[in-house]
Amino acid sequence: WVCTQRRRRKGVHAAKLSDTQIKLLDDIGFEWESELNDVKWMANYNELVDYGNKHGNLLLDPSAGPIYKWMDEQRQRREGRNRRAPLSREQIKLLNEIDFPWEPYQFDAKWYAKYHELERFQQKHGHCELQKKTHEQIYNWSREQRRKSKIGILSGEQIKLLDKVNFPWEGKHPNWPRMYNELVEYCNKHDHLRVSEEDDPDLYEWMTLQRELYHGIAPQQPGLSDIQIDKLEELHFCWSLEWRERTWYAKYTEAVEFYKEYGHTEVNKKENPSLYNWIQTQGKRYKELKGHKPLSEDELELLEQIDFPFLEDQPRMSWNAMYAE
């Protein structure tokens, strides 16, 4: 009833207060500008406070139900986009005191859903060093946040939240001992260190970084310590920067042998997952799909010598072939 009287005087209610009614309310010290006695509003506010104390933020998404809708209503009332009375100064002050997210970007449900997933990972493992093979979606999302940060399109609120979970902004900062142990396990299992991007993308990327650090070409990162170099050399680690090319030609040779034996390159994924994944990757590179480095002219010419399915789906001749024609 108290809330309704304020709305009636402000003219946002169908029935306006009479002068007599206003005088009667003034006589008892009625607080026209305060809605803090609005029991329902304060109940929702306290629920929001409890959520913030429990989770450390106010990043609710639509699945939160009524309280999420109530938050959206407060934004609309502050901007005058709601049929209800505008927020009072006291209400705005209370909401500001708990860092209420006023701006639209601050309640992007999809962004915060991914953030919460990353937050849960960090709470469970103590870090944000995701691996693509086990957490592909959130791994790709993390890479996208780094890209957005570099071009300046992440909000200050989003950066603050990512900093809160010790987000690795530079990427490529996985725990060195853990990755080294993974490399040792791979070596013991396969009796070599010819890790391909298709076999283990995280280990492959880490090995590439070690070579860049060794040669001093990794941007804004210190080099390897003598101990780290010694440990890698104990495994006969190859420091050559041409390793990517060497790995590609090794897989190409394997594909040629398969083609000679079976007369096609339709490799069964269960029987040879590594070669299958490599062929799939070449198809994506051939079609120049986003996120995949286009094939070089030399690679394209070699692939044209074998009957790869993707060459028939979208014919594209190499520069030399087109020049000859």
# chains A, B, ... in the order shown; residues from 1 in each chain; ligands from 1
>>> select_by_dssp(residues="segment 2-173 of chain A", states="alpha helix (DSSP H)", output="PDB file with N, CA and C atoms, in the first residue's frame")
ATOM      1  N   VAL A   2       1.937   1.224   0.828  1.00  0.00           N
ATOM      2  CA  VAL A   2       2.850   2.364   0.916  1.00  0.00           C
ATOM      3  C   VAL A   2       3.481   2.649  -0.447  1.00  0.00           C
ATOM      4  N   CYS A   3       3.921   1.562  -1.112  1.00  0.00           N
ATOM      5  CA  CYS A   3       4.536   1.708  -2.430  1.00  0.00           C
ATOM      6  C   CYS A   3       3.536   2.309  -3.417  1.00  0.00           C
ATOM      7  N   THR A   4       2.293   1.876  -3.327  1.00  0.00           N
ATOM      8  CA  THR A   4       1.255   2.371  -4.242  1.00  0.00           C
ATOM      9  C   THR A   4       1.017   3.859  -4.059  1.00  0.00           C
ATOM     10  N   GLN A   5       1.065   4.365  -2.807  1.00  0.00           N
ATOM     11  CA  GLN A   5       0.847   5.790  -2.572  1.00  0.00           C
ATOM     12  C   GLN A   5       1.925   6.628  -3.257  1.00  0.00           C
ATOM     13  N   ARG A   6       3.155   6.149  -3.226  1.00  0.00           N
ATOM     14  CA  ARG A   6       4.234   6.874  -3.900  1.00  0.00           C
ATOM     15  C   ARG A   6       3.996   6.904  -5.404  1.00  0.00           C
ATOM     16  N   ARG A   7       3.550   5.761  -5.941  1.00  0.00           N
ATOM     17  CA  ARG A   7       3.293   5.682  -7.376  1.00  0.00           C
ATOM     18  C   ARG A   7       2.119   6.579  -7.762  1.00  0.00           C
ATOM     19  N   ARG A   8       1.099   6.662  -6.898  1.00  0.00           N
ATOM     20  CA  ARG A   8      -0.075   7.496  -7.186  1.00  0.00           C
ATOM     21  C   ARG A   8       0.309   8.973  -7.214  1.00  0.00           C
ATOM     22  N   ARG A   9       1.215   9.377  -6.297  1.00  0.00           N
ATOM     23  CA  ARG A   9       1.610  10.783  -6.280  1.00  0.00           C
ATOM     24  C   ARG A   9       2.487  11.133  -7.489  1.00  0.00           C
ATOM     25  N   ASP A  19      -5.220  16.165  -2.907  1.00  0.00           N
ATOM     26  CA  ASP A  19      -4.442  17.067  -2.049  1.00  0.00           C
ATOM     27  C   ASP A  19      -4.633  16.717  -0.580  1.00  0.00           C
ATOM     28  N   THR A  20      -5.853  16.330  -0.225  1.00  0.00           N
ATOM     29  CA  THR A  20      -6.144  15.960   1.173  1.00  0.00           C
ATOM     30  C   THR A  20      -5.345  14.734   1.582  1.00  0.00           C
ATOM     31  N   GLN A  21      -5.303  13.739   0.691  1.00  0.00           N
ATOM     32  CA  GLN A  21      -4.548  12.520   0.997  1.00  0.00           C
ATOM     33  C   GLN A  21      -3.058  12.819   1.142  1.00  0.00           C
ATOM     34  N   ILE A  22      -2.555  13.672   0.278  1.00  0.00           N
ATOM     35  CA  ILE A  22      -1.128  14.026   0.349  1.00  0.00           C
ATOM     36  C   ILE A  22      -0.829  14.716   1.672  1.00  0.00           C
ATOM     37  N   LYS A  23      -1.734  15.646   2.090  1.00  0.00           N
ATOM     38  CA  LYS A  23      -1.526  16.358   3.351  1.00  0.00           C
ATOM     39  C   LYS A  23      -1.558  15.408   4.539  1.00  0.00           C
ATOM     40  N   LEU A  24      -2.488  14.456   4.515  1.00  0.00           N
ATOM     41  CA  LEU A  24      -2.578  13.478   5.607  1.00  0.00           C
ATOM     42  C   LEU A  24      -1.296  12.664   5.716  1.00  0.00           C
ATOM     43  N   LEU A  25      -0.760  12.271   4.598  1.00  0.00           N
ATOM     44  CA  LEU A  25       0.481  11.494   4.609  1.00  0.00           C
ATOM     45  C   LEU A  25       1.671  12.352   5.043  1.00  0.00           C
ATOM     46  N   ASP A  26       1.673  13.603   4.605  1.00  0.00           N
ATOM     47  CA  ASP A  26       2.751  14.507   5.031  1.00  0.00           C
ATOM     48  C   ASP A  26       2.727  14.697   6.544  1.00  0.00           C
ATOM     49  N   ASP A  27       1.521  14.746   7.131  1.00  0.00           N
ATOM     50  CA  ASP A  27       1.373  14.974   8.566  1.00  0.00           C
ATOM     51  C   ASP A  27       2.006  13.866   9.404  1.00  0.00           C
ATOM     52  N   VAL A  39       8.489  -4.180   0.961  1.00  0.00           N
ATOM     53  CA  VAL A  39       8.922  -5.499   1.446  1.00  0.00           C
ATOM     54  C   VAL A  39       9.349  -6.409   0.306  1.00  0.00           C
ATOM     55  N   LYS A  40       8.590  -6.406  -0.771  1.00  0.00           N
ATOM     56  CA  LYS A  40       8.908  -7.290  -1.889  1.00  0.00           C
ATOM     57  C   LYS A  40      10.232  -6.903  -2.541  1.00  0.00           C
ATOM     58  N   TRP A  41      10.443  -5.579  -2.719  1.00  0.00           N
ATOM     59  CA  TRP A  41      11.697  -5.119  -3.328  1.00  0.00           C
ATOM     60  C   TRP A  41      12.889  -5.507  -2.466  1.00  0.00           C
ATOM     61  N   MET A  42      12.760  -5.283  -1.166  1.00  0.00           N
ATOM     62  CA  MET A  42      13.864  -5.594  -0.262  1.00  0.00           C
ATOM     63  C   MET A  42      14.108  -7.092  -0.168  1.00  0.00           C
ATOM     64  N   ALA A  43      13.047  -7.889  -0.297  1.00  0.00           N
ATOM     65  CA  ALA A  43      13.223  -9.343  -0.261  1.00  0.00           C
ATOM     66  C   ALA A  43      14.060  -9.794  -1.461  1.00  0.00           C
ATOM     67  N   ASN A  44      13.745  -9.238  -2.633  1.00  0.00           N
ATOM     68  CA  ASN A  44      14.525  -9.571  -3.823  1.00  0.00           C
ATOM     69  C   ASN A  44      15.960  -9.064  -3.707  1.00  0.00           C
ATOM     70  N   TYR A  45      16.085  -7.862  -3.163  1.00  0.00           N
ATOM     71  CA  TYR A  45      17.427  -7.281  -2.981  1.00  0.00           C
ATOM     72  C   TYR A  45      18.273  -8.163  -2.055  1.00  0.00           C
ATOM     73  N   ASN A  46      17.679  -8.588  -0.949  1.00  0.00           N
ATOM     74  CA  ASN A  46      18.414  -9.437  -0.003  1.00  0.00           C
ATOM     75  C   ASN A  46      18.774 -10.785  -0.609  1.00  0.00           C
ATOM     76  N   GLU A  47      17.893 -11.294  -1.462  1.00  0.00           N
ATOM     77  CA  GLU A  47      18.195 -12.551  -2.147  1.00  0.00           C
ATOM     78  C   GLU A  47      19.408 -12.365  -3.056  1.00  0.00           C
ATOM     79  N   LEU A  48      19.467 -11.218  -3.711  1.00  0.00           N
ATOM     80  CA  LEU A  48      20.598 -10.931  -4.586  1.00  0.00           C
ATOM     81  C   LEU A  48      21.883 -10.775  -3.783  1.00  0.00           C
ATOM     82  N   VAL A  49      21.784 -10.119  -2.635  1.00  0.00           N
ATOM     83  CA  VAL A  49      22.948  -9.969  -1.754  1.00  0.00           C
ATOM     84  C   VAL A  49      23.462 -11.333  -1.316  1.00  0.00           C
ATOM     85  N   ASP A  50      22.548 -12.218  -0.929  1.00  0.00           N
ATOM     86  CA  ASP A  50      22.936 -13.567  -0.496  1.00  0.00           C
ATOM     87  C   ASP A  50      23.641 -14.312  -1.626  1.00  0.00           C
ATOM     88  N   TYR A  51      23.126 -14.148  -2.840  1.00  0.00           N
ATOM     89  CA  TYR A  51      23.758 -14.808  -3.998  1.00  0.00           C
ATOM     90  C   TYR A  51      25.184 -14.282  -4.185  1.00  0.00           C
ATOM     91  N   GLY A  52      25.339 -12.951  -4.090  1.00  0.00           N
ATOM     92  CA  GLY A  52      26.665 -12.366  -4.259  1.00  0.00           C
ATOM     93  C   GLY A  52      27.641 -12.827  -3.187  1.00  0.00           C
ATOM     94  N   ASN A  53      27.176 -12.935  -1.943  1.00  0.00           N
ATOM     95  CA  ASN A  53      28.044 -13.408  -0.859  1.00  0.00           C
ATOM     96  C   ASN A  53      28.462 -14.856  -1.062  1.00  0.00           C
ATOM     97  N   LYS A  54      27.568 -15.636  -1.629  1.00  0.00           N
ATOM     98  CA  LYS A  54      27.846 -17.060  -1.823  1.00  0.00           C
ATOM     99  C   LYS A  54      28.758 -17.315  -3.024  1.00  0.00           C
ATOM    100  N   HIS A  55      28.529 -16.590  -4.127  1.00  0.00           N
ATOM    101  CA  HIS A  55      29.256 -16.867  -5.373  1.00  0.00           C
ATOM    102  C   HIS A  55      30.354 -15.856  -5.694  1.00  0.00           C
ATOM    103  N   PRO A  66      13.098 -16.116 -11.224  1.00  0.00           N
ATOM    104  CA  PRO A  66      12.518 -14.808 -10.894  1.00  0.00           C
ATOM    105  C   PRO A  66      13.546 -13.727 -10.563  1.00  0.00           C
ATOM    106  N   ILE A  67      14.611 -14.070  -9.852  1.00  0.00           N
ATOM    107  CA  ILE A  67      15.569 -13.043  -9.443  1.00  0.00           C
ATOM    108  C   ILE A  67      16.295 -12.460 -10.658  1.00  0.00           C
ATOM    109  N   TYR A  68      16.499 -13.278 -11.695  1.00  0.00           N
ATOM    110  CA  TYR A  68      17.112 -12.778 -12.930  1.00  0.00           C
ATOM    111  C   TYR A  68      16.178 -11.760 -13.592  1.00  0.00           C
ATOM    112  N   LYS A  69      14.878 -12.086 -13.646  1.00  0.00           N
ATOM    113  CA  LYS A  69      13.895 -11.165 -14.237  1.00  0.00           C
ATOM    114  C   LYS A  69      13.799  -9.881 -13.414  1.00  0.00           C
ATOM    115  N   TRP A  70      13.916 -10.017 -12.087  1.00  0.00           N
ATOM    116  CA  TRP A  70      13.862  -8.848 -11.221  1.00  0.00           C
ATOM    117  C   TRP A  70      15.042  -7.922 -11.505  1.00  0.00           C
ATOM    118  N   MET A  71      16.235  -8.494 -11.711  1.00  0.00           N
ATOM    119  CA  MET A  71      17.413  -7.686 -12.029  1.00  0.00           C
ATOM    120  C   MET A  71      17.202  -6.922 -13.332  1.00  0.00           C
ATOM    121  N   ASP A  72      16.647  -7.592 -14.326  1.00  0.00           N
ATOM    122  CA  ASP A  72      16.393  -6.942 -15.607  1.00  0.00           C
ATOM    123  C   ASP A  72      15.389  -5.800 -15.438  1.00  0.00           C
ATOM    124  N   GLU A  73      14.422  -6.010 -14.554  1.00  0.00           N
ATOM    125  CA  GLU A  73      13.416  -4.973 -14.297  1.00  0.00           C
ATOM    126  C   GLU A  73      14.058  -3.741 -13.674  1.00  0.00           C
ATOM    127  N   GLN A  74      15.046  -3.939 -12.790  1.00  0.00           N
ATOM    128  CA  GLN A  74      15.712  -2.795 -12.166  1.00  0.00           C
ATOM    129  C   GLN A  74      16.467  -1.973 -13.206  1.00  0.00           C
ATOM    130  N   ARG A  75      17.074  -2.651 -14.182  1.00  0.00           N
ATOM    131  CA  ARG A  75      17.758  -1.928 -15.262  1.00  0.00           C
ATOM    132  C   ARG A  75      16.761  -1.088 -16.063  1.00  0.00           C
ATOM    133  N   GLN A  76      15.616  -1.691 -16.344  1.00  0.00           N
ATOM    134  CA  GLN A  76      14.593  -0.984 -17.117  1.00  0.00           C
ATOM    135  C   GLN A  76      14.027   0.200 -16.337  1.00  0.00           C
ATOM    136  N   ARG A  77      13.814   0.017 -15.048  1.00  0.00           N
ATOM    137  CA  ARG A  77      13.268   1.104 -14.226  1.00  0.00           C
ATOM    138  C   ARG A  77      14.256   2.263 -14.126  1.00  0.00           C
ATOM    139  N   ARG A  78      15.530   1.935 -14.043  1.00  0.00           N
ATOM    140  CA  ARG A  78      16.534   3.005 -13.965  1.00  0.00           C
ATOM    141  C   ARG A  78      16.579   3.816 -15.258  1.00  0.00           C
ATOM    142  N   GLU A  79      16.348   3.139 -16.378  1.00  0.00           N
ATOM    143  CA  GLU A  79      16.393   3.804 -17.686  1.00  0.00           C
ATOM    144  C   GLU A  79      15.035   4.359 -18.103  1.00  0.00           C
ATOM    145  N   ARG A  89      16.597   7.121  -5.436  1.00  0.00           N
ATOM    146  CA  ARG A  89      18.025   7.306  -5.188  1.00  0.00           C
ATOM    147  C   ARG A  89      18.547   6.283  -4.194  1.00  0.00           C
ATOM    148  N   GLU A  90      17.734   5.964  -3.171  1.00  0.00           N
ATOM    149  CA  GLU A  90      18.156   4.983  -2.172  1.00  0.00           C
ATOM    150  C   GLU A  90      18.337   3.596  -2.789  1.00  0.00           C
ATOM    151  N   GLN A  91      17.433   3.232  -3.689  1.00  0.00           N
ATOM    152  CA  GLN A  91      17.531   1.919  -4.316  1.00  0.00           C
ATOM    153  C   GLN A  91      18.763   1.832  -5.217  1.00  0.00           C
ATOM    154  N   ILE A  92      18.989   2.879  -5.995  1.00  0.00           N
ATOM    155  CA  ILE A  92      20.174   2.897  -6.864  1.00  0.00           C
ATOM    156  C   ILE A  92      21.449   2.821  -6.020  1.00  0.00           C
ATOM    157  N   LYS A  93      21.444   3.550  -4.887  1.00  0.00           N
ATOM    158  CA  LYS A  93      22.603   3.524  -4.006  1.00  0.00           C
ATOM    159  C   LYS A  93      22.847   2.120  -3.460  1.00  0.00           C
ATOM    160  N   LEU A  94      21.776   1.455  -3.031  1.00  0.00           N
ATOM    161  CA  LEU A  94      21.917   0.100  -2.501  1.00  0.00           C
ATOM    162  C   LEU A  94      22.451  -0.867  -3.565  1.00  0.00           C
ATOM    163  N   LEU A  95      21.943  -0.743  -4.768  1.00  0.00           N
ATOM    164  CA  LEU A  95      22.386  -1.628  -5.843  1.00  0.00           C
ATOM    165  C   LEU A  95      23.840  -1.351  -6.219  1.00  0.00           C
ATOM    166  N   ASN A  96      24.227  -0.097  -6.218  1.00  0.00           N
ATOM    167  CA  ASN A  96      25.621   0.249  -6.520  1.00  0.00           C
ATOM    168  C   ASN A  96      26.576  -0.299  -5.460  1.00  0.00           C
ATOM    169  N   GLU A  97      26.096  -0.341  -4.222  1.00  0.00           N
ATOM    170  CA  GLU A  97      26.939  -0.837  -3.127  1.00  0.00           C
ATOM    171  C   GLU A  97      27.317  -2.302  -3.298  1.00  0.00           C
ATOM    172  N   ALA A 109      24.306 -13.927 -21.238  1.00  0.00           N
ATOM    173  CA  ALA A 109      24.108 -15.261 -20.655  1.00  0.00           C
ATOM    174  C   ALA A 109      25.105 -16.286 -21.197  1.00  0.00           C
ATOM    175  N   LYS A 110      25.337 -16.250 -22.497  1.00  0.00           N
ATOM    176  CA  LYS A 110      26.246 -17.242 -23.088  1.00  0.00           C
ATOM    177  C   LYS A 110      27.667 -17.053 -22.573  1.00  0.00           C
ATOM    178  N   TRP A 111      28.120 -15.777 -22.496  1.00  0.00           N
ATOM    179  CA  TRP A 111      29.483 -15.507 -22.033  1.00  0.00           C
ATOM    180  C   TRP A 111      29.653 -15.981 -20.602  1.00  0.00           C
ATOM    181  N   TYR A 112      28.681 -15.639 -19.757  1.00  0.00           N
ATOM    182  CA  TYR A 112      28.814 -15.989 -18.355  1.00  0.00           C
ATOM    183  C   TYR A 112      28.623 -17.480 -18.105  1.00  0.00           C
ATOM    184  N   ALA A 113      27.880 -18.150 -18.959  1.00  0.00           N
ATOM    185  CA  ALA A 113      27.760 -19.604 -18.831  1.00  0.00           C
ATOM    186  C   ALA A 113      29.131 -20.249 -19.038  1.00  0.00           C
ATOM    187  N   LYS A 114      29.861 -19.772 -20.046  1.00  0.00           N
ATOM    188  CA  LYS A 114      31.207 -20.296 -20.298  1.00  0.00           C
ATOM    189  C   LYS A 114      32.160 -19.892 -19.175  1.00  0.00           C
ATOM    190  N   TYR A 115      31.996 -18.667 -18.694  1.00  0.00           N
ATOM    191  CA  TYR A 115      32.858 -18.218 -17.597  1.00  0.00           C
ATOM    192  C   TYR A 115      32.664 -19.093 -16.367  1.00  0.00           C
ATOM    193  N   HIS A 116      31.405 -19.396 -16.045  1.00  0.00           N
ATOM    194  CA  HIS A 116      31.132 -20.247 -14.886  1.00  0.00           C
ATOM    195  C   HIS A 116      31.741 -21.636 -15.074  1.00  0.00           C
ATOM    196  N   GLU A 117      31.733 -22.129 -16.296  1.00  0.00           N
ATOM    197  CA  GLU A 117      32.343 -23.434 -16.577  1.00  0.00           C
ATOM    198  C   GLU A 117      33.846 -23.370 -16.322  1.00  0.00           C
ATOM    199  N   LEU A 118      34.476 -22.271 -16.771  1.00  0.00           N
ATOM    200  CA  LEU A 118      35.906 -22.084 -16.520  1.00  0.00           C
ATOM    201  C   LEU A 118      36.173 -21.932 -15.028  1.00  0.00           C
ATOM    202  N   GLU A 119      35.297 -21.209 -14.348  1.00  0.00           N
ATOM    203  CA  GLU A 119      35.444 -20.981 -12.905  1.00  0.00           C
ATOM    204  C   GLU A 119      35.381 -22.309 -12.145  1.00  0.00           C
ATOM    205  N   ARG A 120      34.450 -23.178 -12.546  1.00  0.00           N
ATOM    206  CA  ARG A 120      34.342 -24.486 -11.888  1.00  0.00           C
ATOM    207  C   ARG A 120      35.594 -25.320 -12.131  1.00  0.00           C
ATOM    208  N   PHE A 121      36.136 -25.236 -13.339  1.00  0.00           N
ATOM    209  CA  PHE A 121      37.378 -25.962 -13.648  1.00  0.00           C
ATOM    210  C   PHE A 121      38.517 -25.458 -12.769  1.00  0.00           C
ATOM    211  N   GLN A 122      38.610 -24.131 -12.635  1.00  0.00           N
ATOM    212  CA  GLN A 122      39.679 -23.546 -11.834  1.00  0.00           C
ATOM    213  C   GLN A 122      39.549 -23.939 -10.358  1.00  0.00           C
ATOM    214  N   GLN A 123      38.326 -23.971  -9.856  1.00  0.00           N
ATOM    215  CA  GLN A 123      38.111 -24.347  -8.464  1.00  0.00           C
ATOM    216  C   GLN A 123      38.470 -25.810  -8.211  1.00  0.00           C
ATOM    217  N   LYS A 124      38.241 -26.644  -9.208  1.00  0.00           N
ATOM    218  CA  LYS A 124      38.516 -28.080  -9.071  1.00  0.00           C
ATOM    219  C   LYS A 124      39.995 -28.404  -9.232  1.00  0.00           C
ATOM    220  N   HIS A 125      40.663 -27.723 -10.210  1.00  0.00           N
ATOM    221  CA  HIS A 125      42.039 -28.089 -10.546  1.00  0.00           C
ATOM    222  C   HIS A 125      43.080 -27.080 -10.062  1.00  0.00           C
ATOM    223  N   GLU A 136      37.322 -29.278 -25.105  1.00  0.00           N
ATOM    224  CA  GLU A 136      37.480 -28.553 -26.366  1.00  0.00           C
ATOM    225  C   GLU A 136      36.692 -27.244 -26.406  1.00  0.00           C
ATOM    226  N   GLN A 137      35.428 -27.259 -25.976  1.00  0.00           N
ATOM    227  CA  GLN A 137      34.601 -26.060 -26.095  1.00  0.00           C
ATOM    228  C   GLN A 137      35.127 -24.914 -25.239  1.00  0.00           C
ATOM    229  N   ILE A 138      35.416 -25.180 -23.977  1.00  0.00           N
ATOM    230  CA  ILE A 138      35.891 -24.113 -23.104  1.00  0.00           C
ATOM    231  C   ILE A 138      37.327 -23.738 -23.463  1.00  0.00           C
ATOM    232  N   TYR A 139      38.091 -24.675 -24.008  1.00  0.00           N
ATOM    233  CA  TYR A 139      39.448 -24.388 -24.505  1.00  0.00           C
ATOM    234  C   TYR A 139      39.375 -23.371 -25.643  1.00  0.00           C
ATOM    235  N   ASN A 140      38.479 -23.618 -26.608  1.00  0.00           N
ATOM    236  CA  ASN A 140      38.316 -22.700 -27.736  1.00  0.00           C
ATOM    237  C   ASN A 140      37.771 -21.353 -27.269  1.00  0.00           C
ATOM    238  N   TRP A 141      36.861 -21.370 -26.281  1.00  0.00           N
ATOM    239  CA  TRP A 141      36.327 -20.123 -25.735  1.00  0.00           C
ATOM    240  C   TRP A 141      37.437 -19.300 -25.094  1.00  0.00           C
ATOM    241  N   SER A 142      38.345 -19.959 -24.379  1.00  0.00           N
ATOM    242  CA  SER A 142      39.455 -19.259 -23.728  1.00  0.00           C
ATOM    243  C   SER A 142      40.358 -18.599 -24.763  1.00  0.00           C
ATOM    244  N   ARG A 143      40.619 -19.298 -25.851  1.00  0.00           N
ATOM    245  CA  ARG A 143      41.445 -18.721 -26.913  1.00  0.00           C
ATOM    246  C   ARG A 143      40.768 -17.491 -27.512  1.00  0.00           C
ATOM    247  N   GLU A 144      39.443 -17.538 -27.616  1.00  0.00           N
ATOM    248  CA  GLU A 144      38.694 -16.405 -28.157  1.00  0.00           C
ATOM    249  C   GLU A 144      38.780 -15.196 -27.225  1.00  0.00           C
ATOM    250  N   GLN A 145      38.807 -15.431 -25.905  1.00  0.00           N
ATOM    251  CA  GLN A 145      38.928 -14.317 -24.961  1.00  0.00           C
ATOM    252  C   GLN A 145      40.287 -13.643 -25.103  1.00  0.00           C
ATOM    253  N   ARG A 146      41.329 -14.426 -25.351  1.00  0.00           N
ATOM    254  CA  ARG A 146      42.656 -13.837 -25.560  1.00  0.00           C
ATOM    255  C   ARG A 146      42.654 -12.965 -26.810  1.00  0.00           C
ATOM    256  N   ARG A 147      42.014 -13.464 -27.855  1.00  0.00           N
ATOM    257  CA  ARG A 147      41.957 -12.704 -29.107  1.00  0.00           C
ATOM    258  C   ARG A 147      41.193 -11.395 -28.884  1.00  0.00           C
ATOM    259  N   LYS A 148      40.057 -11.458 -28.199  1.00  0.00           N
ATOM    260  CA  LYS A 148      39.258 -10.256 -27.955  1.00  0.00           C
ATOM    261  C   LYS A 148      40.018  -9.264 -27.087  1.00  0.00           C
ATOM    262  N   SER A 149      40.788  -9.778 -26.133  1.00  0.00           N
ATOM    263  CA  SER A 149      41.563  -8.897 -25.270  1.00  0.00           C
ATOM    264  C   SER A 149      42.604  -8.128 -26.076  1.00  0.00           C
ATOM    265  N   LYS A 150      43.236  -8.802 -27.024  1.00  0.00           N
ATOM    266  CA  LYS A 150      44.286  -8.173 -27.828  1.00  0.00           C
ATOM    267  C   LYS A 150      43.749  -7.058 -28.713  1.00  0.00           C
ATOM    268  N   GLY A 156      35.630  -4.185 -19.211  1.00  0.00           N
ATOM    269  CA  GLY A 156      36.430  -4.150 -17.991  1.00  0.00           C
ATOM    270  C   GLY A 156      35.945  -5.161 -16.975  1.00  0.00           C
ATOM    271  N   GLU A 157      34.624  -5.353 -16.925  1.00  0.00           N
ATOM    272  CA  GLU A 157      34.046  -6.328 -15.997  1.00  0.00           C
ATOM    273  C   GLU A 157      34.496  -7.739 -16.354  1.00  0.00           C
ATOM    274  N   GLN A 158      34.514  -8.050 -17.641  1.00  0.00           N
ATOM    275  CA  GLN A 158      34.918  -9.389 -18.077  1.00  0.00           C
ATOM    276  C   GLN A 158      36.396  -9.635 -17.781  1.00  0.00           C
ATOM    277  N   ILE A 159      37.223  -8.635 -18.032  1.00  0.00           N
ATOM    278  CA  ILE A 159      38.658  -8.766 -17.735  1.00  0.00           C
ATOM    279  C   ILE A 159      38.869  -8.977 -16.238  1.00  0.00           C
ATOM    280  N   LYS A 160      38.127  -8.219 -15.441  1.00  0.00           N
ATOM    281  CA  LYS A 160      38.237  -8.338 -13.984  1.00  0.00           C
ATOM    282  C   LYS A 160      37.874  -9.751 -13.522  1.00  0.00           C
ATOM    283  N   LEU A 161      36.827 -10.309 -14.102  1.00  0.00           N
ATOM    284  CA  LEU A 161      36.402 -11.656 -13.718  1.00  0.00           C
ATOM    285  C   LEU A 161      37.418 -12.708 -14.134  1.00  0.00           C
ATOM    286  N   LEU A 162      37.975 -12.563 -15.328  1.00  0.00           N
ATOM    287  CA  LEU A 162      38.968 -13.531 -15.796  1.00  0.00           C
ATOM    288  C   LEU A 162      40.239 -13.443 -14.956  1.00  0.00           C
ATOM    289  N   ASP A 163      40.618 -12.237 -14.575  1.00  0.00           N
ATOM    290  CA  ASP A 163      41.777 -12.081 -13.684  1.00  0.00           C
ATOM    291  C   ASP A 163      41.536 -12.782 -12.352  1.00  0.00           C
ATOM    292  N   LYS A 164      40.277 -12.788 -11.935  1.00  0.00           N
ATOM    293  CA  LYS A 164      39.929 -13.386 -10.640  1.00  0.00           C
ATOM    294  C   LYS A 164      40.249 -14.879 -10.590  1.00  0.00           C
TER     295      LYS A 164
END
>>> atom_distance(atom1="atom CA of Leu224 of chain A", atom2="atom CA of Phe237 of chain A")
13.5 Å
>>> residues_around(residues="Leu203 of chain A", least_positions_apart="2", cutoff="8 Å", atoms="only C-alpha atoms", output="MDAnalysis selection string")
chainID A and resid 179 182:183 195 200:201 205:207
>>> atom_distance(atom1="atom CA of Thr247 of chain A", atom2="atom CA of Arg194 of chain A")
7.0 Å
>>> closest_residue(among="A:Ser296, A:Ser18, A:Gln131, A:Gln280", to="Asn175 of chain A", atoms="only C-alpha atoms")
A:Gln131
>>> closest_residue(among="A:Lys231, A:Arg81, A:His264, A:His127", to="Gln305 of chain A", atoms="only C-alpha atoms")
A:His264
>>> atom_distance(atom1="atom CA of Asn181 of chain A", atom2="atom CA of Glu129 of chain A")
15.2 Å
